[in-house]
Structures are given as structure tokens and as C-alpha cells.
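Asker: Got input_25.tsv for you, TSV, C-alpha atoms:
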chain	number	residue	atom	x	y	z
A	18	MET	CA	11.65	-1.16	-41.52
A	19	ASP	CA	12.58	2.52	-41.51
A	20	THR	CA	16.06	3.70	-40.57
A	21	VAL	CA	17.73	6.69	-38.97
A	22	THR	CA	21.43	7.50	-38.65
A	23	SER	CA	22.77	7.99	-35.15
A	24	GLU	CA	25.15	10.84	-34.29
A	25	ASN	CA	27.93	8.24	-34.24
A	26	GLY	CA	27.15	7.17	-37.81
A	27	THR	CA	25.36	3.92	-36.97
A	28	THR	CA	22.22	3.00	-38.89
A	29	ILE	CA	19.35	2.22	-36.52
A	30	ALA	CA	16.32	0.37	-37.89
A	31	PHE	CA	12.81	0.63	-36.50
A	32	ASP	CA	9.21	-0.36	-37.12
A	33	ARG	CA	6.68	2.45	-36.95
A	34	LEU	CA	3.05	1.72	-36.12
A	35	GLY	CA	-0.08	3.68	-35.29
A	36	ASP	CA	-0.81	7.35	-34.92
A	37	GLY	CA	-0.76	9.77	-32.00
A	38	PRO	CA	1.88	10.85	-29.47
A	39	PRO	CA	5.20	9.04	-30.06
A	40	VAL	CA	6.25	6.13	-27.85
A	41	ILE	CA	9.64	4.42	-28.23
A	42	LEU	CA	10.13	0.82	-27.11
A	43	VAL	CA	13.57	-0.35	-25.94
A	44	CYS	CA	14.25	-4.09	-25.72
A	45	GLY	CA	16.42	-5.89	-23.18
A	46	ALA	CA	19.25	-8.41	-23.29
A	47	SER	CA	19.24	-11.30	-25.78
A	48	THR	CA	16.30	-9.80	-27.73
A	49	ASP	CA	15.64	-7.48	-30.64
A	50	HIS	CA	12.59	-5.44	-31.64
A	51	ARG	CA	10.55	-8.60	-32.18
A	52	ALA	CA	10.30	-9.10	-28.41
A	53	ASN	CA	8.29	-5.88	-28.15
A	54	ALA	CA	6.24	-6.44	-31.31
A	55	PRO	CA	3.06	-7.69	-29.54
A	56	LEU	CA	3.18	-4.71	-27.16
A	57	ALA	CA	3.77	-2.36	-30.08
A	58	GLU	CA	0.62	-3.64	-31.81
A	59	LEU	CA	-1.47	-2.94	-28.72
A	60	LEU	CA	0.01	0.49	-28.09
A	61	ALA	CA	-0.44	1.46	-31.76
A	62	GLU	CA	-4.15	1.82	-31.06
A	63	HIS	CA	-3.26	4.94	-29.04
A	64	PHE	CA	0.23	6.06	-30.04
A	65	ASN	CA	2.73	6.39	-32.85
A	66	VAL	CA	4.99	3.54	-31.77
A	67	PHE	CA	8.69	3.33	-32.66
A	68	ASN	CA	9.95	-0.19	-31.99
A	69	TYR	CA	13.65	-0.28	-32.82
A	70	ASP	CA	16.54	-2.70	-33.06
A	71	ARG	CA	19.33	-1.66	-30.75
A	72	ARG	CA	22.80	-1.63	-32.28
A	73	GLY	CA	24.15	-5.02	-33.27
A	74	ARG	CA	20.65	-6.49	-33.56
A	75	GLY	CA	18.36	-7.21	-36.48
A	76	ASP	CA	18.65	-4.62	-39.25
A	77	SER	CA	20.58	-2.06	-37.20
A	78	GLY	CA	24.27	-1.47	-37.66
A	79	ASP	CA	27.09	-1.68	-35.15
A	80	ALA	CA	30.60	-0.36	-34.60
A	81	ALA	CA	33.45	-1.17	-32.28
A	82	PRO	CA	34.41	-0.35	-29.64
A	83	TYR	CA	31.14	-0.56	-27.77
A	84	ALA	CA	30.17	2.24	-25.36
A	85	VAL	CA	26.96	2.95	-23.49
A	86	GLU	CA	27.18	6.53	-24.74
A	87	ARG	CA	26.78	5.27	-28.32
A	88	GLU	CA	23.56	3.48	-27.36
A	89	VAL	CA	22.27	6.67	-25.79
A	90	GLU	CA	23.06	8.49	-29.04
A	91	ASP	CA	21.18	5.77	-30.94
A	92	LEU	CA	18.08	6.29	-28.82
A	93	ASP	CA	18.42	10.04	-29.25
A	94	ALA	CA	18.35	9.53	-33.02
A	95	VAL	CA	15.10	7.58	-32.76
A	96	ILE	CA	13.65	10.34	-30.57
A	97	ASP	CA	14.59	12.83	-33.30
A	98	ALA	CA	12.85	10.63	-35.88
A	99	ALA	CA	9.78	10.63	-33.64
A	100	GLY	CA	9.62	14.42	-33.71
A	101	GLY	CA	12.14	15.55	-31.14
A	102	SER	CA	10.59	14.21	-27.92
A	103	ALA	CA	8.77	11.04	-26.94
A	104	PHE	CA	7.47	8.76	-24.25
A	105	VAL	CA	9.97	5.94	-23.71
A	106	TYR	CA	9.47	2.42	-22.37
A	107	GLY	CA	12.39	0.11	-21.59
A	108	THR	CA	12.28	-3.48	-20.43
A	109	SER	CA	14.87	-5.23	-18.22
A	110	SER	CA	18.40	-4.05	-19.11
A	111	GLY	CA	16.75	-1.93	-21.80
A	112	GLY	CA	15.12	-0.13	-18.89
A	113	ALA	CA	18.58	0.49	-17.43
A	114	LEU	CA	19.59	1.97	-20.78
A	115	THR	CA	16.57	4.29	-20.79
A	116	LEU	CA	17.43	5.38	-17.24
A	117	GLU	CA	20.91	6.36	-18.41
A	118	ALA	CA	19.43	8.13	-21.43
A	119	ALA	CA	17.04	10.12	-19.25
A	120	ALA	CA	19.87	11.00	-16.84
A	121	SER	CA	21.88	12.19	-19.86
A	122	GLY	CA	19.17	14.70	-20.69
A	123	LEU	CA	17.46	13.16	-23.71
A	124	ALA	CA	14.05	14.61	-24.56
A	125	ILE	CA	12.01	11.93	-22.82
A	126	THR	CA	8.55	13.26	-21.96
A	127	LYS	CA	7.74	10.36	-19.64
A	128	LEU	CA	9.74	7.24	-18.85
A	129	ALA	CA	8.43	3.78	-17.99
A	130	MET	CA	10.61	0.81	-17.05
A	131	TRP	CA	9.83	-2.85	-16.55
A	132	GLU	CA	12.06	-4.61	-14.02
A	133	PRO	CA	15.47	-3.02	-14.58
A	134	PRO	CA	17.55	-5.81	-12.99
A	135	PHE	CA	19.55	-3.85	-10.47
A	136	SER	CA	20.04	-5.66	-7.17
A	137	LEU	CA	20.28	-4.22	-3.68
A	138	ASP	CA	21.84	-7.47	-2.45
A	139	GLU	CA	25.49	-7.64	-3.42
A	140	SER	CA	25.59	-11.40	-2.87
A	141	GLY	CA	22.83	-11.92	-5.43
A	142	ARG	CA	24.49	-10.08	-8.30
A	143	PRO	CA	25.89	-11.77	-11.44
A	144	PRO	CA	29.63	-12.41	-11.83
A	145	ALA	CA	31.66	-9.20	-11.92
A	146	ASP	CA	33.67	-10.32	-14.96
A	147	GLN	CA	30.75	-11.18	-17.24
A	148	VAL	CA	31.73	-8.63	-19.92
A	149	GLU	CA	35.16	-10.22	-20.20
A	150	GLN	CA	33.62	-13.70	-20.22
A	151	TYR	CA	31.28	-12.82	-23.08
A	152	ASN	CA	33.99	-11.15	-25.14
A	153	GLN	CA	36.32	-14.12	-24.73
A	154	MET	CA	33.65	-16.60	-25.75
A	155	ILE	CA	32.53	-14.54	-28.75
A	156	SER	CA	36.13	-14.06	-29.91
A	157	ALA	CA	36.57	-17.84	-29.76
A	158	GLY	CA	33.38	-18.43	-31.76
A	159	ARG	CA	31.61	-19.96	-28.76
A	160	ARG	CA	28.30	-18.17	-29.17
A	161	GLY	CA	26.28	-21.00	-27.67
A	162	ASP	CA	28.48	-20.97	-24.58
A	163	ALA	CA	27.87	-17.23	-24.20
A	164	VAL	CA	24.12	-17.76	-24.31
A	165	GLU	CA	24.37	-20.60	-21.78
A	166	TYR	CA	26.49	-18.43	-19.48
A	167	PHE	CA	23.89	-15.65	-19.64
A	168	MET	CA	21.01	-17.98	-18.91
A	169	THR	CA	22.65	-19.84	-16.03
A	170	GLN	CA	25.05	-17.35	-14.42
A	171	VAL	CA	23.16	-14.09	-14.97
A	172	VAL	CA	19.45	-14.95	-15.25
A	173	GLY	CA	19.78	-17.95	-12.92
A	174	LEU	CA	17.88	-20.48	-15.00
A	175	PRO	CA	18.36	-24.16	-14.09
A	176	PRO	CA	20.77	-26.24	-16.24
A	177	GLU	CA	17.96	-28.58	-17.31
A	178	PHE	CA	16.08	-25.65	-18.85
A	179	VAL	CA	19.16	-24.61	-20.80
A	180	ALA	CA	19.76	-28.18	-21.97
A	181	HIS	CA	16.23	-28.24	-23.36
A	182	ALA	CA	16.57	-24.73	-24.83
A	183	LYS	CA	19.56	-25.76	-26.93
A	184	ASN	CA	17.21	-27.93	-29.01
A	185	ALA	CA	14.47	-25.31	-29.24
A	186	PRO	CA	13.78	-23.25	-32.38
A	187	PHE	CA	14.72	-19.99	-30.66
A	188	TRP	CA	18.26	-21.07	-29.78
A	189	GLN	CA	19.70	-20.07	-33.15
A	190	ALA	CA	18.30	-16.56	-32.74
A	191	GLN	CA	19.85	-16.40	-29.28
A	192	GLU	CA	23.25	-17.30	-30.68
A	193	ALA	CA	22.88	-14.62	-33.36
A	194	LEU	CA	22.47	-12.00	-30.61
A	195	ALA	CA	25.16	-13.43	-28.33
A	196	HIS	CA	27.70	-10.68	-29.06
A	197	THR	CA	25.27	-8.08	-27.65
A	198	LEU	CA	25.19	-9.75	-24.23
A	199	ALA	CA	28.40	-7.89	-23.41
A	200	TYR	CA	26.63	-4.65	-24.34
A	201	ASP	CA	23.86	-5.14	-21.79
A	202	ALA	CA	26.37	-6.32	-19.20
A	203	THR	CA	28.27	-3.07	-19.75
A	204	ILE	CA	25.08	-1.07	-19.25
A	205	MET	CA	24.30	-2.92	-16.03
A	206	GLY	CA	27.82	-2.51	-14.60
A	207	ASP	CA	28.01	-4.29	-11.25
A	208	HIS	CA	24.17	-4.40	-11.08
A	209	SER	CA	24.12	-2.07	-8.09
A	210	LEU	CA	21.47	0.64	-7.99
A	211	PRO	CA	22.77	3.66	-9.98
A	212	THR	CA	21.64	6.12	-7.34
A	213	GLU	CA	23.62	9.12	-8.57
A	214	ARG	CA	22.39	8.75	-12.15
A	215	ALA	CA	18.82	8.12	-10.98
A	216	THR	CA	18.74	11.41	-9.09
A	217	SER	CA	19.56	13.15	-12.39
A	218	VAL	CA	16.40	11.89	-14.13
A	219	ALA	CA	14.05	14.84	-14.66
A	220	ALA	CA	11.34	13.01	-16.59
A	221	PRO	CA	8.30	11.67	-14.73
A	222	THR	CA	9.00	7.95	-14.33
A	223	LEU	CA	7.07	4.75	-13.68
A	224	VAL	CA	9.05	1.75	-12.43
A	225	MET	CA	7.15	-1.54	-12.66
A	226	ALA	CA	7.70	-5.11	-11.50
A	227	GLY	CA	5.71	-8.33	-11.49
A	228	GLY	CA	4.04	-9.82	-8.45
A	229	GLU	CA	5.25	-13.30	-9.45
A	230	SER	CA	8.72	-12.23	-10.56
A	231	PHE	CA	11.98	-12.48	-8.65
A	232	PRO	CA	11.42	-10.77	-5.26
A	233	PHE	CA	14.44	-8.50	-5.66
A	234	MET	CA	12.82	-6.95	-8.74
A	235	ARG	CA	9.96	-5.58	-6.66
A	236	GLU	CA	12.30	-4.14	-4.05
A	237	THR	CA	14.44	-2.59	-6.77
A	238	ALA	CA	11.38	-0.97	-8.35
A	239	ARG	CA	10.31	0.53	-5.03
A	240	VAL	CA	13.75	1.87	-4.07
A	241	LEU	CA	14.50	3.17	-7.56
A	242	ALA	CA	11.21	5.07	-7.61
A	243	ASP	CA	12.15	6.58	-4.24
A	244	VAL	CA	15.46	7.83	-5.65
A	245	ILE	CA	14.20	9.33	-8.92
A	246	PRO	CA	12.82	12.82	-8.16
A	247	ASP	CA	9.45	12.42	-9.90
A	248	ALA	CA	8.70	8.71	-9.89
A	249	GLN	CA	6.28	6.06	-8.76
A	250	SER	CA	6.43	2.28	-8.58
A	251	ARG	CA	3.73	-0.21	-9.44
A	252	ILE	CA	3.44	-3.95	-9.03
A	253	LEU	CA	1.50	-5.87	-11.68
A	254	GLU	CA	0.09	-8.84	-9.82
A	255	GLY	CA	0.37	-12.24	-11.46
A	256	GLN	CA	3.17	-11.13	-13.80
A	257	GLU	CA	6.67	-12.56	-14.16
A	258	HIS	CA	9.71	-11.02	-15.84
A	259	ASN	CA	8.25	-11.93	-19.24
A	260	VAL	CA	5.26	-9.67	-18.71
A	261	ASP	CA	2.04	-10.26	-20.65
A	262	PRO	CA	1.65	-7.42	-23.22
A	263	SER	CA	-2.13	-7.45	-22.77
A	264	VAL	CA	-1.63	-6.67	-19.07
A	265	LEU	CA	1.17	-4.16	-19.56
A	266	ALA	CA	-0.32	-2.15	-22.43
A	267	PRO	CA	-3.30	-0.69	-20.52
A	268	VAL	CA	-0.97	0.40	-17.71
A	269	LEU	CA	1.30	2.20	-20.16
A	270	VAL	CA	-1.66	3.82	-21.93
A	271	GLU	CA	-3.01	5.08	-18.61
A	272	TYR	CA	0.36	6.40	-17.51
A	273	PHE	CA	1.43	8.04	-20.76
A	274	THR	CA	-1.93	9.74	-21.32
A	275	ALA	CA	-2.50	10.95	-17.75
Produce C-alpha cells that represent the structure in this file.

Answerer:
Amino acid sequence: MDTVTSENGTTIAFDRLGDGPPVILVCGASTDHRANAPLAELLAEHFNVFNYDRRGRGDSGDAAPYAVEREVEDLDAVIDAAGGSAFVYGTSSGGALTLEAAASGLAITKLAMWEPPFSLDESGRPPADQVEQYNQMISAGRRGDAVEYFMTQVVGLPPEFVAHAKNAPFWQAQEALAHTLAYDATIMGDHSLPTERATSVAAPTLVMAGGESFPFMRETARVLADVIPDAQSRILEGQEHNVDPSVLAPVLVEYFTA
């Protein structure tokens, strides 16, 4: 992997694939750059793809205390490494991070987001104290409990799925990333739609959701696209939150090259 140093001194690692206009991929909660690797391979046929590890993940560094502003600086450093401006794609809470980055004025040529998990329904939002919950569990060495809390209380997965997941090969990787769950929870805030920040986004924006995903994701995509000055929403039929890269890639190619 290549590296770049953020303005705040943090080393940010990234894979670089393909040739053409630069595209930066931003992963969501409980994942690192590997989650976007299949998409990166497909997009590399058309673009110079920068697929990076957000702070605290993979080969990237980290520093306390955490702040969303530091993550925005990290992304800005990757944009600089890409030549000073770039297309940016963010998935889930990574999409929320890219929204904040665009609102902060980063040189994002076009922005695309997949299901940023804001909710218009206050009763359907995750617990308000999730950042504190994560930090307490991580401080106590209860990484597995933090992952279980995320899956059940935030994502809403059934307990039987989590019980099975604890014996799956990916569980160890989930525990390794558990400390970053508080980071994404900080980015998401109370999960309400960040209307004021969205109105500050100058970049053309595409907000996407899956036809088979949680219904609130589709409504969020529509309303968020209405709030951002130059935005559109699109539903990818047959797709869930874990979108198929072979379905998503052509949509991104079409949008970024239009």
C-alpha cells in the first residue's frame, strides 16, 4: 500500500489501481479498505482508484482524541495524493463522512453516496448514547461486546444471526475494528438528517439506495437529494445495504463520466 500524511500528522494508507480520472472510495462502519476492494477492481478499468483505510483501520495510523474534523483532513490528504481534486464515493456512514467533507469545502468534483444511514423517523434511530457505550466497552477490553452492540442495537440484526457470527471467520476482524465503531457513531450524531450541512454541499451529488434495503434508506436518499443544491437520487432495484459491486460499478461509471 502507498501512504500519505494527513495535515494532523496521521499516516493514511491506500491502494491505488487503474488509470484515468481519480476516484476515492470511503468505507463505512466496521470495515476497512478491503470492503471496497471488489468495487475498486471494477472501477479501475475506467479510473485511477484510491481505496484507503480510514484512521484506526488496517495500515493507517490513529491518534486520540477522535474528531470528525481529523477524518475530513485525512480524506483531504488522499485527495491531494490523487492530484488535488477527485470524484468521491462513500458507503453507509462513510457516505455521511463524505457529505461532511463536501460541506467543508474539500475539492470533490462529484460525490456519490450509498445509503448514508440517516433516519427521518426519530423513533427508529439507534441509542443516543452509543458513542459512550462503545468507549466504555473498548476501555474494558470487551471488543466482542462492542461488535454485538453495533450489530443488534444499531444495525438491527437478530440475536440468532449475531450468535452465529461469533463463530464465523470474519468475527476476529470485526473485533479488531471495534474501536472505530465510536468514530462512525460520532460522524452519524443522532442519525437525523444533517440538513444545514447538506445545503452547504456544492459538488454535484448522487444519493443511492437499494430497492430491497431498509425502507427508510430509500426515503433518506430521496429527501437528502432534495436538500443538496445539485443532487439526484437513484434506487438500484434488487439491492440491499450490502450492494453488489457489479451492479454499483456501472452506475458510478455513468455518473462520474457524464

Asker: Name the residues in contact with Phe135 of chain A at a cut-off of 10 Å, using all atoms listed in the file, excluding same-chain residues fewer than 4 positions from it; report them as a PyMOL selection string.

Answerer: chain A and resi 109-110+113+139+142+205-211+233-234+236-238+241

Asker: Output C-alpha atoms for every residue in the selection just made, as an mmCIF file, keeping the file's coordinate frame.

Answerer:
data_model
loop_
_atom_site.group_PDB
_atom_site.id
_atom_site.type_symbol
_atom_site.label_atom_id
_atom_site.label_comp_id
_atom_site.auth_asym_id
_atom_site.auth_seq_id
_atom_site.Cartn_x
_atom_site.Cartn_y
_atom_site.Cartn_z
ATOM 1 C CA SER A 109 14.870 -5.230 -18.220
ATOM 2 C CA SER A 110 18.400 -4.050 -19.110
ATOM 3 C CA ALA A 113 18.580 0.490 -17.430
ATOM 4 C CA GLU A 139 25.490 -7.640 -3.420
ATOM 5 C CA ARG A 142 24.490 -10.080 -8.300
ATOM 6 C CA MET A 205 24.300 -2.920 -16.030
ATOM 7 C CA GLY A 206 27.820 -2.510 -14.600
ATOM 8 C CA ASP A 207 28.010 -4.290 -11.250
ATOM 9 C CA HIS A 208 24.170 -4.400 -11.080
ATOM 10 C CA SER A 209 24.120 -2.070 -8.090
ATOM 11 C CA LEU A 210 21.470 0.640 -7.990
ATOM 12 C CA PRO A 211 22.770 3.660 -9.980
ATOM 13 C CA PHE A 233 14.440 -8.500 -5.660
ATOM 14 C CA MET A 234 12.820 -6.950 -8.740
ATOM 15 C CA GLU A 236 12.300 -4.140 -4.050
ATOM 16 C CA THR A 237 14.440 -2.590 -6.770
ATOM 17 C CA ALA A 238 11.380 -0.970 -8.350
ATOM 18 C CA LEU A 241 14.500 3.170 -7.560
#

Asker: Measuring atom to atom with all atoms listed in the file, identify which of A:Gly227, A:Gly173, A:Gly107, A:Gly35 is nearest to His50 of chain A.

Answerer: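 For His50 of chain A, the nearest of the candidates is A:Gly107.
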
Asker: Could you tell me which of A:Leu59, A:Leu194, A:Val105, A:Val95 comes closest to Tyr151 of chain A if we count only C-alpha atoms?

Answerer: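 Of A:Leu59, A:Leu194, A:Val105, A:Val95, the one nearest Tyr151 of chain A, counting only C-alpha atoms, is A:Leu194.
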
Asker: Looking at A:Ile29, A:Leu265, A:Val270, A:Met225, which one is nearest to Ile96 of chain A, with distances taken over only C-alpha atoms?

Answerer: A:Ile29

Asker: For atom CA of Ala226 of chain A and atom CA of Ser47 of chain A, determine how far apart the two atoms are, in Å to one decimal place.

Answerer: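 If I compute the distance from atom CA of Ala226 of chain A to atom CA of Ser47 of chain A, I get 19.4 Å.
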
Asker: Kindly give the distance, in Å, that separates atom CA of Pro232 of chain A and atom CA of Asp146 of chain A, rounded to a single decimal.

Answerer: 24.3 Å

Asker: My list of candidates is A:Ser217, A:Gln191, A:Asn259, A:Ser23. Which is closest to Gly122 of chain A when distances are computed with only C-alpha atoms?

Answerer: A:Ser217

Asker: At what distance in Å, to one decimal, does atom CA of Ala190 of chain A lie from atom CA of Glu177 of chain A?

Answerer: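 Atom CA of Ala190 of chain A lies at a distance of 19.6 Å from atom CA of Glu177 of chain A.
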
Asker: Using all atoms listed in the file, can you tell me which of A:Ala219, A:Val260, A:Leu56, A:Ala195 comes closest to Trp131 of chain A?

Answerer: A:Val260

Asker: If we count only C-alpha atoms, what is near Val179 of chain A at a cut-off of 12 Å, once residues fewer than 2 positions away on the same chain are taken out, given as number ranges by chain?

Answerer: A: 161-170, 172-177, 181-185, 187-188, 191

Asker: For each of A:Glu271, A:Asp243, A:Glu24, A:Asp261, take the minimum atom-to-atom distance to Ala52 of chain A, counting all atoms listed in the file, then give the residue where this is smallest.

Answerer: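 Closest candidate: A:Asp261.
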
Asker: Extract, using only C-alpha atoms, all DNA, RNA and protein residues at most 7 Å from Thr20 of chain A, discarding same-chain residues fewer than 5 positions from it, and format them as a list in words.

Answerer: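 So the residues in contact are Thr28, Ile29, Ala30 and Phe31 of chain A.
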
Asker: Set the distance at 12 Å and use only C-alpha atoms: which residues neighbour His63 of chain A once local chain neighbours fewer than 5 positions away are removed? I'd like the list as JSON, numbers by chain.

Answerer: {"A": [34, 35, 36, 37, 38, 39, 40, 56, 57, 58, 266, 267, 269, 270, 271, 273, 274]}

Asker: Write out, as a compact mmCIF listing (two decimals), keeping the file's coordinate frame, the residues just selected, with C-alpha atoms.

Answerer:
# COMPACT_ATOMS: atom_id res chain seq x y z
CA LEU A 34 3.05 1.72 -36.12
CA GLY A 35 -0.08 3.68 -35.29
CA ASP A 36 -0.81 7.35 -34.92
CA GLY A 37 -0.76 9.77 -32.00
CA PRO A 38 1.88 10.85 -29.47
CA PRO A 39 5.20 9.04 -30.06
CA VAL A 40 6.25 6.13 -27.85
CA LEU A 56 3.18 -4.71 -27.16
CA ALA A 57 3.77 -2.36 -30.08
CA GLU A 58 0.62 -3.64 -31.81
CA ALA A 266 -0.32 -2.15 -22.43
CA PRO A 267 -3.30 -0.69 -20.52
CA LEU A 269 1.30 2.20 -20.16
CA VAL A 270 -1.66 3.82 -21.93
CA GLU A 271 -3.01 5.08 -18.61
CA PHE A 273 1.43 8.04 -20.76
CA THR A 274 -1.93 9.74 -21.32

Asker: Please provide as a VMD selection string all residues within 10 Å of segment 70-77 of chain A, with the sequence filter that same-chain residues fewer than 2 positions apart are discarded (counting all atoms listed in the file).

Answerer: chain A and resid 18 to 22 27 to 32 42 to 45 47 to 51 67 to 68 79 to 80 83 87 to 88 91 to 92 111 193 to 197 200

Asker: Please check which residues have atoms at most 9 Å from (17.8, 5.1, -11.3) in the file's coordinates, counting all atoms listed in the file, and write them as an MDAnalysis selection string.

Answerer: chainID A and resid 113 116:117 120 210:218 240:242 244:245

Asker: Supply segment 186-202 of chain A as an mmCIF file, in the frame of the given file, with N, CA and C atoms built in where the input has gaps.

Answerer:
data_model
loop_
_atom_site.group_PDB
_atom_site.id
_atom_site.type_symbol
_atom_site.label_atom_id
_atom_site.label_comp_id
_atom_site.auth_asym_id
_atom_site.auth_seq_id
_atom_site.Cartn_x
_atom_site.Cartn_y
_atom_site.Cartn_z
ATOM 1 N N PRO A 186 13.634 -24.072 -31.176
ATOM 2 C CA PRO A 186 13.780 -23.250 -32.380
ATOM 3 C C PRO A 186 14.395 -21.882 -32.129
ATOM 4 N N PHE A 187 14.225 -21.341 -30.917
ATOM 5 C CA PHE A 187 14.720 -19.990 -30.660
ATOM 6 C C PHE A 187 16.211 -19.924 -30.363
ATOM 7 N N TRP A 188 16.858 -21.080 -30.180
ATOM 8 C CA TRP A 188 18.260 -21.070 -29.780
ATOM 9 C C TRP A 188 19.161 -20.424 -30.831
ATOM 10 N N GLN A 189 18.886 -20.656 -32.082
ATOM 11 C CA GLN A 189 19.700 -20.070 -33.150
ATOM 12 C C GLN A 189 19.637 -18.544 -33.113
ATOM 13 N N ALA A 190 18.440 -18.014 -32.849
ATOM 14 C CA ALA A 190 18.300 -16.560 -32.740
ATOM 15 C C ALA A 190 19.065 -16.033 -31.537
ATOM 16 N N GLN A 191 19.085 -16.795 -30.452
ATOM 17 C CA GLN A 191 19.850 -16.400 -29.280
ATOM 18 C C GLN A 191 21.345 -16.328 -29.585
ATOM 19 N N GLU A 192 21.835 -17.302 -30.315
ATOM 20 C CA GLU A 192 23.250 -17.300 -30.680
ATOM 21 C C GLU A 192 23.581 -16.113 -31.585
ATOM 22 N N ALA A 193 22.647 -15.749 -32.464
ATOM 23 C CA ALA A 193 22.880 -14.620 -33.360
ATOM 24 C C ALA A 193 23.033 -13.308 -32.609
ATOM 25 N N LEU A 194 22.404 -13.216 -31.430
ATOM 26 C CA LEU A 194 22.470 -12.000 -30.610
ATOM 27 C C LEU A 194 23.530 -12.082 -29.521
ATOM 28 N N ALA A 195 24.268 -13.170 -29.464
ATOM 29 C CA ALA A 195 25.160 -13.430 -28.330
ATOM 30 C C ALA A 195 26.194 -12.330 -28.125
ATOM 31 N N HIS A 196 26.674 -11.724 -29.209
ATOM 32 C CA HIS A 196 27.700 -10.680 -29.060
ATOM 33 C C HIS A 196 27.168 -9.452 -28.329
ATOM 34 N N THR A 197 25.846 -9.254 -28.324
ATOM 35 C CA THR A 197 25.270 -8.080 -27.650
ATOM 36 C C THR A 197 25.088 -8.303 -26.152
ATOM 37 N N LEU A 198 25.294 -9.514 -25.672
ATOM 38 C CA LEU A 198 25.190 -9.750 -24.230
ATOM 39 C C LEU A 198 26.212 -8.922 -23.464
ATOM 40 N N ALA A 199 27.382 -8.735 -24.051
ATOM 41 C CA ALA A 199 28.400 -7.890 -23.410
ATOM 42 C C ALA A 199 27.942 -6.437 -23.363
ATOM 43 N N TYR A 200 27.128 -6.028 -24.330
ATOM 44 C CA TYR A 200 26.630 -4.650 -24.340
ATOM 45 C C TYR A 200 25.731 -4.408 -23.124
ATOM 46 N N ASP A 201 24.778 -5.308 -22.913
ATOM 47 C CA ASP A 201 23.860 -5.140 -21.790
ATOM 48 C C ASP A 201 24.597 -5.296 -20.460
ATOM 49 N N ALA A 202 25.581 -6.176 -20.420
ATOM 50 C CA ALA A 202 26.370 -6.320 -19.200
ATOM 51 C C ALA A 202 27.133 -5.034 -18.896
#
